[in-house]
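**Student:** Before we start, here is the structure in question, set down as structure tokens.
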Amino acid sequence: MPGRCGRLRRSEGLAGAEGLRESLWGGTAGGCGCSVSDGLAMAEEELEALRKQRLAELQAKHGDPSDAAQQEAKHREAEMRNSILAQVLDQSARARLSNLALVKPEKTKAVENYLIQMARYGQLSGKVSEQGLIEILEKVSQQTEKKTTVKFNRRKVMDSDEDDDY
């Protein structure tokens with residue numbers, strides 16, 4: 001087996017574990033002039049490359065069909081959501097909702113789910129205008145509003161001068 005320098009190693013003729021070690025790890029006894037540490041680094045790099053290649057092959061064989069099915073299901077769900085929202089919202093309301101999605105995606109999802117639920121149960125009469133969407137956004141904001149509280153923890157010092165108020 002040629003070393004990194006391209007010359008054949010003398011270890012090709014060696015028998016047993018030492019010959020295998022030198023041929024794999026590039027020992028200097030092989031006659032190529034490569035040091036053992038160069039051979040170790042090269043072998044680790046090759047081993048890592050083989051691991052990555054094998055992992056990619058396994059993912060291609062086993063991971064892609066389920067991954068493709070999951071992606072297809074997500075794509076179909078996104079298409080259904082978009083078609084329902086296109087039927088429910090007018091153009092200005094859709095624009096406002098897409099702008100909100102850039103800033104607060106979790107709030108957008110909540111509003112979309114609310115609109116889809118209302119559409120499924122027939123609670124919407126016609127398309128929702130931008131003003132109607134603003135009202136829905138306010139309702140969702142009130143429901144998900146978090147109240148912040150501030151609590152002060154005062155430290156008590158052992159040698160406090162509370163007794164000595166001058």
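Chain labels run A, B, ... following the order of the structure tokens; each chain numbers its residues from 1, and ligands are numbered from 1 in the order shown.
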Per residue of segment 48-109 of chain A within 12 Å of segment 122-146 of chain A, which atom pair is closest and at what distance in Å (one decimal), using only C-alpha atoms, listed by chain and increasing number, as JSON lines?

**Tutor:**
{"residue": "A:Ile84", "atom": "CA", "partner": "A:Lys127", "partner_atom": "CA", "distance": 10.9}
{"residue": "A:Leu85", "atom": "CA", "partner": "A:Lys127", "partner_atom": "CA", "distance": 9.5}
{"residue": "A:Ala86", "atom": "CA", "partner": "A:Lys127", "partner_atom": "CA", "distance": 9.0}
{"residue": "A:Gln87", "atom": "CA", "partner": "A:Lys127", "partner_atom": "CA", "distance": 7.0}
{"residue": "A:Val88", "atom": "CA", "partner": "A:Lys127", "partner_atom": "CA", "distance": 4.8}
{"residue": "A:Leu89", "atom": "CA", "partner": "A:Val128", "partner_atom": "CA", "distance": 4.8}
{"residue": "A:Asp90", "atom": "CA", "partner": "A:Ser129", "partner_atom": "CA", "distance": 5.7}
{"residue": "A:Gln91", "atom": "CA", "partner": "A:Ser129", "partner_atom": "CA", "distance": 8.2}
{"residue": "A:Ser92", "atom": "CA", "partner": "A:Glu130", "partner_atom": "CA", "distance": 5.7}
{"residue": "A:Ala93", "atom": "CA", "partner": "A:Glu130", "partner_atom": "CA", "distance": 4.2}
{"residue": "A:Arg94", "atom": "CA", "partner": "A:Glu130", "partner_atom": "CA", "distance": 8.0}
{"residue": "A:Ala95", "atom": "CA", "partner": "A:Glu130", "partner_atom": "CA", "distance": 8.8}
{"residue": "A:Arg96", "atom": "CA", "partner": "A:Glu130", "partner_atom": "CA", "distance": 7.3}
{"residue": "A:Leu97", "atom": "CA", "partner": "A:Leu133", "partner_atom": "CA", "distance": 8.2}
{"residue": "A:Ser98", "atom": "CA", "partner": "A:Leu133", "partner_atom": "CA", "distance": 11.9}
{"residue": "A:Leu100", "atom": "CA", "partner": "A:Leu137", "partner_atom": "CA", "distance": 10.0}
{"residue": "A:Lys104", "atom": "CA", "partner": "A:Ser141", "partner_atom": "CA", "distance": 11.5}
{"residue": "A:Glu106", "atom": "CA", "partner": "A:Thr144", "partner_atom": "CA", "distance": 10.8}
{"residue": "A:Lys107", "atom": "CA", "partner": "A:Val140", "partner_atom": "CA", "distance": 7.9}
{"residue": "A:Thr108", "atom": "CA", "partner": "A:Leu137", "partner_atom": "CA", "distance": 8.9}
{"residue": "A:Lys109", "atom": "CA", "partner": "A:Val140", "partner_atom": "CA", "distance": 10.8}

**Student:** Take the residues that were just selected and, keeping N, CA, C and O atoms, output them as a compact mmCIF listing (two decimals), in the first residue's frame.

**Tutor:**
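Output below, filename part_28.txt:
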# COMPACT_ATOMS: atom_id res chain seq x y z
N ILE A 84 -57.25 27.62 2.35
CA ILE A 84 -58.34 28.04 3.25
C ILE A 84 -58.19 29.53 3.59
O ILE A 84 -59.17 30.29 3.56
N LEU A 85 -56.95 29.94 3.90
CA LEU A 85 -56.73 31.36 4.23
C LEU A 85 -57.00 32.26 3.03
O LEU A 85 -57.48 33.38 3.20
N ALA A 86 -56.70 31.80 1.83
CA ALA A 86 -56.99 32.59 0.63
C ALA A 86 -58.49 32.77 0.44
O ALA A 86 -58.95 33.82 -0.03
N GLN A 87 -59.27 31.76 0.81
CA GLN A 87 -60.72 31.86 0.70
C GLN A 87 -61.31 32.75 1.79
O GLN A 87 -62.33 33.39 1.60
N VAL A 88 -60.67 32.79 2.95
CA VAL A 88 -61.23 33.47 4.11
C VAL A 88 -60.81 34.94 4.19
O VAL A 88 -61.60 35.79 4.60
N LEU A 89 -59.58 35.26 3.80
CA LEU A 89 -59.05 36.61 3.95
C LEU A 89 -59.03 37.37 2.63
O LEU A 89 -58.79 36.78 1.58
N ASP A 90 -59.25 38.68 2.72
CA ASP A 90 -59.07 39.48 1.52
C ASP A 90 -57.57 39.83 1.38
O ASP A 90 -56.75 39.47 2.23
N GLN A 91 -57.22 40.51 0.28
CA GLN A 91 -55.81 40.72 -0.06
C GLN A 91 -55.07 41.54 1.00
O GLN A 91 -53.95 41.20 1.37
N SER A 92 -55.67 42.60 1.49
CA SER A 92 -54.98 43.45 2.48
C SER A 92 -54.78 42.69 3.80
O SER A 92 -53.76 42.86 4.47
N ALA A 93 -55.76 41.86 4.17
CA ALA A 93 -55.63 41.09 5.41
C ALA A 93 -54.54 40.03 5.27
O ALA A 93 -53.77 39.79 6.19
N ARG A 94 -54.44 39.43 4.09
CA ARG A 94 -53.36 38.45 3.86
C ARG A 94 -52.00 39.12 3.93
O ARG A 94 -51.04 38.56 4.46
N ALA A 95 -51.90 40.33 3.38
CA ALA A 95 -50.64 41.06 3.43
C ALA A 95 -50.26 41.38 4.87
O ALA A 95 -49.10 41.23 5.27
N ARG A 96 -51.23 41.79 5.66
CA ARG A 96 -50.95 42.09 7.07
C ARG A 96 -50.52 40.83 7.81
O ARG A 96 -49.59 40.85 8.62
N LEU A 97 -51.17 39.72 7.54
CA LEU A 97 -50.83 38.47 8.20
C LEU A 97 -49.43 37.99 7.80
O LEU A 97 -48.68 37.50 8.63
N SER A 98 -49.07 38.16 6.54
CA SER A 98 -47.72 37.75 6.11
C SER A 98 -46.66 38.66 6.71
O SER A 98 -45.56 38.21 7.04
N LEU A 100 -46.96 40.07 9.67
CA LEU A 100 -46.89 39.63 11.05
C LEU A 100 -46.08 38.35 11.18
O LEU A 100 -45.37 38.16 12.17
N LYS A 104 -43.59 37.89 14.23
CA LYS A 104 -44.05 36.98 15.29
C LYS A 104 -44.69 35.74 14.66
O LYS A 104 -45.92 35.67 14.51
N GLU A 106 -45.14 32.72 15.85
CA GLU A 106 -46.02 31.94 16.72
C GLU A 106 -47.40 32.60 16.84
O GLU A 106 -48.42 31.92 16.89
N LYS A 107 -47.44 33.92 16.86
CA LYS A 107 -48.72 34.62 16.90
C LYS A 107 -49.47 34.43 15.58
O LYS A 107 -50.69 34.26 15.56
N THR A 108 -48.73 34.43 14.48
CA THR A 108 -49.34 34.22 13.17
C THR A 108 -49.98 32.84 13.10
O THR A 108 -51.09 32.69 12.59
N LYS A 109 -49.27 31.83 13.61
CA LYS A 109 -49.83 30.48 13.61
C LYS A 109 -51.11 30.42 14.44
O LYS A 109 -52.08 29.78 14.03

**Student:** Could you pull out the helix (DSSP H, G or I) residues of segment 37-151 of chain A from DSSP and send them as a PyMOL selection string?

**Tutor:** chain A and resi 37-88+91-103+105-120+130-143

**Student:** So, with only C-alpha atoms as the atoms that count, which of A:Thr148, A:Arg81, A:Lys52, A:Asn153 lies closest to Gln117 of chain A?

**Tutor:**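 Of A:Thr148, A:Arg81, A:Lys52, A:Asn153, the one nearest Gln117 of chain A is A:Arg81, counting only C-alpha atoms.
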
**Student:** Do you have the atom CA of Glu57 of chain A-atom CA of Lys74 of chain A distance handy?

**Tutor:** 24.4 Å

**Student:** Rounded to one decimal in Å, what is the spacing between atom CA of Leu115 of chain A and atom CA of Ala78 of chain A?

**Tutor:**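 These two atoms are separated by 14.5 Å.
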
**Student:** Nearest to Asn113 of chain A among A:Asn99, A:Asn82, A:Gln70, A:Gln59, with distances taken over only C-alpha atoms: which residue is it?

**Tutor:** A:Asn82
